[in-house]
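Enquirer: Sending over a structure as structure tokens; questions will come in a sec.
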Amino acid sequence: MPTLDVPEVAVVDSPGGSSEALPDFTSDTYKDAYSRINAIVIEGEQEAHDNYIAIGTLLPDDEVELKRLAMMEMKHAKGFTSCGKNLGVTPDMVFAKEFFAPLRDNFQNAVEEDKVATCLLIQALLIEAFAIAAYHTYIPVSDPFARKITEGVVKDEYIHLNYGEVWLKANLEDCREEMLEANRENLPLIRKMLDQVAADAAVLQMDKEDLIEDFLIAYQESLTEIGFTTREITRMAAAALVA
Amino acid sequence: MFGLIGHSTSFEDARRKALELGYEDFAVGDLDVWCSAPPQLVEYVKVTSPTGKTIEGAYIDSCFVPEMLSRFKTARRKVLNAMELVQKKGINITALGGFTSIIFENFNLLQHQHVRSTTLEWDRFTTGNTHTAWVICRQLENNAPALGIDLSKARVAVVGATGDIGSAVCRWLSLRTGVAELLLVARQQQPLSELQSELGGGRILALEDALLEADVVVWVASMPRTLEIDATKLRKPCLMIDGGYPKNLDAKFSGEGVHVLKGGIVEFCSDIGWSMMELAEMEKPQRQMFACFAEAMLLEFEDCHTNFSWGRNNITLEKMDFIGEASVRHGFSTLNLKPQFQVAAA
């Protein structure tokens, strides 16, 4: 195909421009934004630990495996804590706990109601896909110390996503309706969380567009693996796109 | 398995298609929604060649729309994510259609081989430019004589002569057809001089001057919006092959004695049964398609799983022969002018 000759279109960002340079990790603005982002990541990993332990109570046969996953999450939380320390940043844990509150409430209600599919959709699909998207978007713009830690973590998160996929795939026919409902209730929360964190993420040079698209790619891949049709998946994903 | 990465011709078309497919949320979503929408594998198709061989393929919509061209990062992400999806689906050979290959080349995406956890394998992709160049040359050879243009006396202008397709067209025309003179038009002088040396001929001209002299104009660059041409000053008859993307010459030039033909379009010998080609505004969407898409099919038919068209100025006459022979063998024909023009000319 021929050349890109579209003179009437102004290019608002350009390849290789200054927008691709790394942020100043030592600036007050960066550290301020990092205090919330770092806290969210630490809190997310801690809650993931608690959630896998809770899911273990619903699936006693998988308890050992789930404990193993939970331990990995604790290790991640420690890794990210060291990332904050390395930059001299104190994570704003109060903010982070509030940030996760609606999703945490939904998860805990599902545990009480023995809704395994809902628990797995929230933790093993939505939160893991959210984490994978965030880490992939963060890695290219992170400081060298955090980069190494995050690269290690992201590999683990795929294992967790896979755990949820395997169980939900095996039980899809029994839990399809429950999953559709859980998607309807929780995906908009993920979108709100993304919106809430967008300004701080932008300071870290993580684009909201990137985050949403990366999240949906990981989430859609999981739904495909579980056995949903393209049509179902596209309709399910729309809940994340339309704010 | 072959793949086609395509996109809608405009944001409005994309929304309309989404509504047709039953994705209301996408249909009402604004451009920001589409900027964050991941690529979709929309449909699978089976295609059977007259040789009896059947292949399977997939159409992937990158969710890119031309309105995103001004957002470099978005455009880049759309292309790379679509390519990653194709690779993850295990598709052997995929054509980069529409703006996809333009973005790939102009935004230098070769330096972005790593997409999240995936390392893109370039040999799974083709720009399809070799087939496009061959088809444009055949369209010229078939249709100019039908209008009464004798190629041995004709001046042929190639607009965008130094591009990947343009330079291949120039090579073919100078070595395989006895056109009287090639008029070379492009924006940058240095590559033009190099092309002229390589061809051992051809005259370098400004676009406005070339248009006044040419019996045939091959457009493989998009037309500058600001271009003002008095159509009455063009030679008559004049054949214009619109090989650019998007195709926008018809409204500007078509008139008495000036015949505009959509360039780089082929027609398959039977209906394909896909729904997405309607997006490309083909007259017969069940059979007609961009030659670059057809190249992926041809490479799959030929079990030639390699990035056949890749990089700039790598298209040789031998490669054009190979893809051209495959094109004919597997039931593709090039798009020609409508019969009434040919009869009138005769």
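If you're wondering about the labels, chains in the structure tokens are A, B, ... by order shown, residues count from 1 in each chain, ligands from 1 in order shown.
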Please extract the residues of segment 7-249 of chain B with a backbone DSSP assignment of helix (DSSP H, G or I) and present them as a PyMOL selection string.
Expert: chain B and resi 11-20+24-28+31-35+66-70+72-88+99-106+109-111+122-124+129-146+151-153+164-176+189-199+207-213+231-233+249
Enquirer: With C-alpha atoms retained, export the selected residues as a short mmCIF file (atom, residue, chain, number, x, y, z; two decimals), in the first residue's frame.
Expert:
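Printed below is result26.cif as written:
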```
data_model
loop_
_atom_site.label_atom_id
_atom_site.label_comp_id
_atom_site.auth_asym_id
_atom_site.auth_seq_id
_atom_site.Cartn_x
_atom_site.Cartn_y
_atom_site.Cartn_z
CA PHE B 11 -15.43 5.75 12.16
CA GLU B 12 -19.00 6.11 10.93
CA ASP B 13 -18.74 2.87 8.94
CA ALA B 14 -17.25 1.09 11.92
CA ARG B 15 -20.17 2.09 14.11
CA ARG B 16 -22.68 1.08 11.46
CA LYS B 17 -21.05 -2.34 11.11
CA ALA B 18 -21.01 -2.79 14.89
CA LEU B 19 -24.74 -2.14 14.98
CA GLU B 20 -25.33 -4.66 12.18
CA GLU B 24 -24.84 -1.81 20.34
CA ASP B 25 -22.38 -0.58 22.95
CA PHE B 26 -19.66 -0.26 20.33
CA ALA B 27 -22.08 1.34 17.88
CA VAL B 28 -22.86 4.17 20.28
CA LEU B 31 -13.84 7.52 19.28
CA ASP B 32 -12.17 7.08 22.69
CA VAL B 33 -14.08 3.84 23.15
CA TRP B 34 -12.78 2.57 19.82
CA CYS B 35 -9.27 3.73 20.65
CA PRO B 66 -8.58 6.36 9.75
CA GLU B 67 -9.67 9.05 12.25
CA MET B 68 -6.98 7.61 14.56
CA LEU B 69 -4.13 8.46 12.19
CA SER B 70 -3.41 11.64 14.13
CA PHE B 72 0.46 7.92 16.65
CA LYS B 73 0.48 5.76 19.78
CA THR B 74 -3.06 4.56 19.23
CA ALA B 75 -2.43 3.70 15.58
CA ARG B 76 0.76 1.86 16.51
CA ARG B 77 -0.98 -0.07 19.28
CA LYS B 78 -3.86 -1.08 16.99
CA VAL B 79 -1.49 -2.56 14.42
CA LEU B 80 0.79 -4.31 16.90
CA ASN B 81 -2.10 -5.75 18.92
CA ALA B 82 -3.78 -7.09 15.78
CA MET B 83 -0.50 -8.68 14.73
CA GLU B 84 -0.07 -10.24 18.16
CA LEU B 85 -3.60 -11.65 18.05
CA VAL B 86 -2.92 -13.20 14.65
CA GLN B 87 0.27 -14.81 15.87
CA LYS B 88 -1.35 -16.13 19.05
CA PHE B 99 -3.64 1.54 6.55
CA THR B 100 -2.11 -1.35 8.52
CA SER B 101 0.98 -1.76 6.36
CA ILE B 102 1.26 2.01 5.87
CA ILE B 103 1.34 2.53 9.63
CA PHE B 104 3.75 -0.37 10.01
CA GLU B 105 6.19 1.14 7.55
CA ASN B 106 5.81 4.87 8.21
CA LEU B 109 7.13 -0.66 13.79
CA LEU B 110 10.00 -3.02 13.00
CA GLN B 111 11.58 -1.69 16.17
CA TRP B 122 7.83 -11.15 10.97
CA ASP B 123 7.77 -14.11 8.60
CA ARG B 124 4.11 -14.63 9.48
CA ASN B 129 2.58 -5.27 -2.07
CA THR B 130 4.03 -7.70 -4.63
CA HIS B 131 0.60 -8.89 -5.68
CA THR B 132 -0.76 -5.34 -5.61
CA ALA B 133 2.06 -4.18 -7.91
CA TRP B 134 1.53 -7.11 -10.29
CA VAL B 135 -2.23 -6.52 -10.40
CA ILE B 136 -1.79 -2.80 -11.14
CA CYS B 137 0.59 -3.62 -14.00
CA ARG B 138 -1.84 -6.16 -15.45
CA GLN B 139 -4.71 -3.68 -15.11
CA LEU B 140 -2.67 -1.18 -17.08
CA GLU B 141 -1.76 -3.71 -19.78
CA ASN B 142 -5.36 -4.92 -20.12
CA ASN B 143 -7.24 -1.65 -19.99
CA ALA B 144 -5.11 0.92 -21.79
CA PRO B 145 -5.43 -0.85 -25.18
CA ALA B 146 -9.18 -1.23 -24.60
CA LEU B 151 1.35 1.47 -24.94
CA SER B 152 4.25 1.60 -27.37
CA LYS B 153 3.39 5.27 -27.96
CA ASP B 164 7.46 -0.04 -2.55
CA ILE B 165 4.64 -0.60 -5.02
CA GLY B 166 5.55 2.35 -7.24
CA SER B 167 9.12 1.26 -7.81
CA ALA B 168 7.99 -2.30 -8.59
CA VAL B 169 5.46 -0.96 -11.11
CA CYS B 170 8.20 1.16 -12.73
CA ARG B 171 10.51 -1.85 -13.00
CA TRP B 172 7.80 -3.99 -14.59
CA LEU B 173 6.69 -1.29 -17.00
CA SER B 174 10.20 -0.49 -18.17
CA LEU B 175 11.32 -4.11 -18.59
CA ARG B 176 8.16 -6.02 -19.46
CA GLN B 189 14.25 14.05 -5.31
CA GLN B 190 17.09 11.83 -4.10
CA PRO B 191 15.17 8.51 -4.26
CA LEU B 192 13.75 9.63 -7.62
CA SER B 193 17.23 10.11 -9.07
CA GLU B 194 18.27 6.72 -7.71
CA LEU B 195 15.23 5.07 -9.26
CA GLN B 196 15.92 6.76 -12.57
CA SER B 197 19.49 5.39 -12.54
CA GLU B 198 18.27 1.91 -11.63
CA LEU B 199 15.73 1.93 -14.46
CA LEU B 207 2.87 16.05 -10.51
CA GLU B 208 1.02 18.88 -12.26
CA ASP B 209 3.26 18.65 -15.33
CA ALA B 210 3.14 14.86 -15.50
CA LEU B 211 -0.66 14.85 -15.43
CA LEU B 212 -0.80 17.05 -18.52
CA GLU B 213 1.45 14.75 -20.52
CA ALA B 231 -9.67 18.06 -16.08
CA THR B 232 -10.17 19.54 -19.55
CA LYS B 233 -6.38 19.83 -19.89
CA LEU B 249 -9.73 9.71 -7.52
#
```
Enquirer: Could you pull out the residues in segment 52-188 of chain B that DSSP calls strand (DSSP E or B) from the backbone, as a list in words?
Expert: Thr54, Ile55, Glu56, Gly57, Ala58, Tyr59, Ile60, Asp61, Arg71, Ile93, Thr94, Ala95, Leu96, His114, Val115, Thr118, Thr119, Phe125, Thr126, Arg155, Val156, Ala157, Val158, Val159, Glu181, Leu182, Leu183, Leu184 and Val185 of chain B
Enquirer: Under the rule that only C-alpha atoms are counted, which of B:Arg116, B:Lys338, B:Lys53, B:Arg155 is the nearest residue to chain A?
Expert: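 Closest to chain A, using only C-alpha atoms: B:Arg116.
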Enquirer: Can you tell me how far atom CA of Ile190 of chain A sits from atom CA of Gly164 of chain A, in Å to one decimal?
Expert: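 Value for the atom CA of Ile190 of chain A-atom CA of Gly164 of chain A distance: 17.6 Å.
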Enquirer: Have a look at atom CA of Met72 of chain A and atom CA of Gly44 of chain A and let me know their distance in Å, one decimal.
Expert: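 Atom CA of Gly44 of chain A lies at a distance of 12.6 Å from atom CA of Met72 of chain A.
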Enquirer: I'd like the contact shell of segment 202-216 of chain A - 7 Å cut-off, only C-alpha atoms, skipping same-chain residues fewer than 2 positions apart - returned as a list of chain:residue names.
Expert: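 Here the answer would be A:Pro23, A:Tyr30, A:Ala33, A:Ala129, A:Phe130, A:Ala133, A:Ala134, A:Thr137, A:Tyr138, A:Val141, A:Ala198, A:Ala199, A:Asp200, A:Ala218, A:Tyr219, A:Gln220, A:Ala237, B:Cys35, B:Ser36, B:Ala37, B:Pro38.
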Enquirer: Would you mind listing what lies within 10 Å of Phe308 of chain B as a PyMOL selection string, with only C-alpha atoms counted and same-chain residues fewer than 3 positions away left out?
Expert: chain B and resi 93+123-131+295-296+299+304-305+311+314-315+319+323
Enquirer: Could the residues in this selection be saved with N, CA and C atoms as a PDB file, in the first residue's frame?
Expert:
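So part-v2.pdb came out as:
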```
ATOM      1  N   ILE B  93       0.139 -17.033   7.688  1.00  0.00           N
ATOM      2  CA  ILE B  93       0.532 -15.903   6.845  1.00  0.00           C
ATOM      3  C   ILE B  93      -0.619 -14.887   6.799  1.00  0.00           C
ATOM      4  N   ASP B 123       8.031 -13.270   9.786  1.00  0.00           N
ATOM      5  CA  ASP B 123       7.773 -14.110   8.603  1.00  0.00           C
ATOM      6  C   ASP B 123       6.335 -14.631   8.555  1.00  0.00           C
ATOM      7  N   ARG B 124       5.541 -14.289   9.541  1.00  0.00           N
ATOM      8  CA  ARG B 124       4.107 -14.627   9.483  1.00  0.00           C
ATOM      9  C   ARG B 124       3.285 -13.543   8.774  1.00  0.00           C
ATOM     10  N   PHE B 125       3.937 -12.463   8.337  1.00  0.00           N
ATOM     11  CA  PHE B 125       3.184 -11.321   7.802  1.00  0.00           C
ATOM     12  C   PHE B 125       3.688 -10.908   6.426  1.00  0.00           C
ATOM     13  N   THR B 126       2.785 -10.372   5.625  1.00  0.00           N
ATOM     14  CA  THR B 126       3.172  -9.830   4.331  1.00  0.00           C
ATOM     15  C   THR B 126       2.403  -8.527   4.109  1.00  0.00           C
ATOM     16  N   THR B 127       3.067  -7.576   3.460  1.00  0.00           N
ATOM     17  CA  THR B 127       2.349  -6.338   3.130  1.00  0.00           C
ATOM     18  C   THR B 127       1.400  -6.577   1.963  1.00  0.00           C
ATOM     19  N   GLY B 128       1.665  -7.652   1.198  1.00  0.00           N
ATOM     20  CA  GLY B 128       0.842  -7.925   0.021  1.00  0.00           C
ATOM     21  C   GLY B 128       1.191  -7.041  -1.157  1.00  0.00           C
ATOM     22  N   ASN B 129       2.261  -6.251  -1.032  1.00  0.00           N
ATOM     23  CA  ASN B 129       2.580  -5.265  -2.072  1.00  0.00           C
ATOM     24  C   ASN B 129       3.003  -5.889  -3.403  1.00  0.00           C
ATOM     25  N   THR B 130       3.588  -7.080  -3.371  1.00  0.00           N
ATOM     26  CA  THR B 130       4.033  -7.698  -4.629  1.00  0.00           C
ATOM     27  C   THR B 130       2.827  -7.990  -5.512  1.00  0.00           C
ATOM     28  N   HIS B 131       1.798  -8.583  -4.904  1.00  0.00           N
ATOM     29  CA  HIS B 131       0.598  -8.894  -5.675  1.00  0.00           C
ATOM     30  C   HIS B 131      -0.090  -7.604  -6.125  1.00  0.00           C
ATOM     31  N   GLU B 295      -2.972 -11.792  -1.606  1.00  0.00           N
ATOM     32  CA  GLU B 295      -1.612 -12.344  -1.534  1.00  0.00           C
ATOM     33  C   GLU B 295      -1.478 -13.326  -0.372  1.00  0.00           C
ATOM     34  N   ALA B 296      -2.090 -13.025   0.756  1.00  0.00           N
ATOM     35  CA  ALA B 296      -2.025 -13.965   1.885  1.00  0.00           C
ATOM     36  C   ALA B 296      -2.676 -15.294   1.500  1.00  0.00           C
ATOM     37  N   LEU B 299      -0.321 -17.179  -0.870  1.00  0.00           N
ATOM     38  CA  LEU B 299       0.828 -17.766  -0.177  1.00  0.00           C
ATOM     39  C   LEU B 299       0.381 -19.008   0.597  1.00  0.00           C
ATOM     40  N   CYS B 304       3.501 -21.261   0.938  1.00  0.00           N
ATOM     41  CA  CYS B 304       4.673 -20.388   0.980  1.00  0.00           C
ATOM     42  C   CYS B 304       4.544 -19.492   2.215  1.00  0.00           C
ATOM     43  N   HIS B 305       4.900 -20.051   3.361  1.00  0.00           N
ATOM     44  CA  HIS B 305       4.693 -19.335   4.615  1.00  0.00           C
ATOM     45  C   HIS B 305       5.904 -18.484   4.949  1.00  0.00           C
ATOM     46  N   GLY B 311       9.426  -4.948   3.836  1.00  0.00           N
ATOM     47  CA  GLY B 311      10.427  -3.890   3.674  1.00  0.00           C
ATOM     48  C   GLY B 311      10.165  -3.100   2.405  1.00  0.00           C
ATOM     49  N   ASN B 314      11.966  -4.263  -2.201  1.00  0.00           N
ATOM     50  CA  ASN B 314      12.460  -5.637  -2.329  1.00  0.00           C
ATOM     51  C   ASN B 314      11.668  -6.431  -3.360  1.00  0.00           C
ATOM     52  N   ILE B 315      10.776  -5.777  -4.089  1.00  0.00           N
ATOM     53  CA  ILE B 315       9.915  -6.506  -5.022  1.00  0.00           C
ATOM     54  C   ILE B 315      10.652  -6.682  -6.357  1.00  0.00           C
ATOM     55  N   LYS B 319       9.594 -12.230  -8.302  1.00  0.00           N
ATOM     56  CA  LYS B 319       8.553 -12.379  -7.272  1.00  0.00           C
ATOM     57  C   LYS B 319       7.181 -12.014  -7.852  1.00  0.00           C
ATOM     58  N   ILE B 323       3.934 -14.577  -7.944  1.00  0.00           N
ATOM     59  CA  ILE B 323       2.631 -14.295  -7.337  1.00  0.00           C
ATOM     60  C   ILE B 323       1.568 -14.142  -8.427  1.00  0.00           C
TER      61      ILE B 323
END
```
Enquirer: Please list as a ChimeraX atom specification every residue within 9 Å of Met289 of chain B, counting only C-alpha atoms and excluding residues in the same chain fewer than 2 positions away.
Expert: /B:264-268,277,280,282,284-287,291-294
Enquirer: So that I can check the surroundings of Pro39 of chain B, please list as a list in words every protein, DNA and RNA residue that reaches within 6 Å of it, counting only C-alpha atoms and ignoring chain neighbours fewer than 4 positions away.
Expert: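 Using only C-alpha atoms, the neighbours found are Asp61, Ser62, Cys63 and Ala82 of chain B.
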Enquirer: Keeping only C-alpha atoms, take the residues you just selected and write them out as a JSON list (two decimals), in the first residue's frame.
Expert:
```
[["chain", "number", "residue", "atom", "x", "y", "z"],
["B", 61, "ASP", "CA", -10.54, -6.21, 12.53],
["B", 62, "SER", "CA", -7.88, -4.14, 14.25],
["B", 63, "CYS", "CA", -10.58, -1.70, 15.47],
["B", 82, "ALA", "CA", -3.78, -7.09, 15.78]]
```
Enquirer: Residues at most 8 Å from Met236 of chain A, counting only C-alpha atoms, excluding those fewer than 4 positions away in the same chain, as a list in words?
Expert: Leu180, Asn183, Arg184 and Glu232 of chain A
Enquirer: So that I have them on file, write out the residues from the current selection with N, CA and C atoms, as a PDB file, in the first residue's frame.
Expert:
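Saved file out.pdb follows:
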```pdb
ATOM      1  N   LEU A 180     -21.877 -14.407  33.472  1.00  0.00           N
ATOM      2  CA  LEU A 180     -22.384 -13.242  32.742  1.00  0.00           C
ATOM      3  C   LEU A 180     -22.841 -12.166  33.727  1.00  0.00           C
ATOM      4  N   ASN A 183     -19.855 -10.619  35.432  1.00  0.00           N
ATOM      5  CA  ASN A 183     -19.215  -9.687  34.495  1.00  0.00           C
ATOM      6  C   ASN A 183     -19.960  -8.353  34.496  1.00  0.00           C
ATOM      7  N   ARG A 184     -21.296  -8.470  34.407  1.00  0.00           N
ATOM      8  CA  ARG A 184     -22.119  -7.254  34.368  1.00  0.00           C
ATOM      9  C   ARG A 184     -21.923  -6.394  35.618  1.00  0.00           C
ATOM     10  N   GLU A 232     -20.297 -13.502  22.438  1.00  0.00           N
ATOM     11  CA  GLU A 232     -20.516 -13.300  23.881  1.00  0.00           C
ATOM     12  C   GLU A 232     -19.415 -12.418  24.464  1.00  0.00           C
TER      13      GLU A 232
END
```
Enquirer: Could you tell me how far atom CA of Ile159 of chain A sits from atom CA of Cys83 of chain A, in Å to one decimal place?
Expert: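 Interatomic distance, atom CA of Cys83 of chain A to atom CA of Ile159 of chain A: 22.5 Å.
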Enquirer: Counting only C-alpha atoms, which of A:Ala77, A:Ala39, A:Ile217, A:Leu103 gets nearest to chain B?
Expert: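 The answer is A:Ile217, which sits nearest to chain B.
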Enquirer: Measuring atom to atom with only C-alpha atoms, identify which of B:Leu183, B:Cys238, B:Leu96, B:Ile5 is nearest to chain A.
Expert: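 Among B:Leu183, B:Cys238, B:Leu96, B:Ile5, it is B:Leu96 that comes nearest to chain A.
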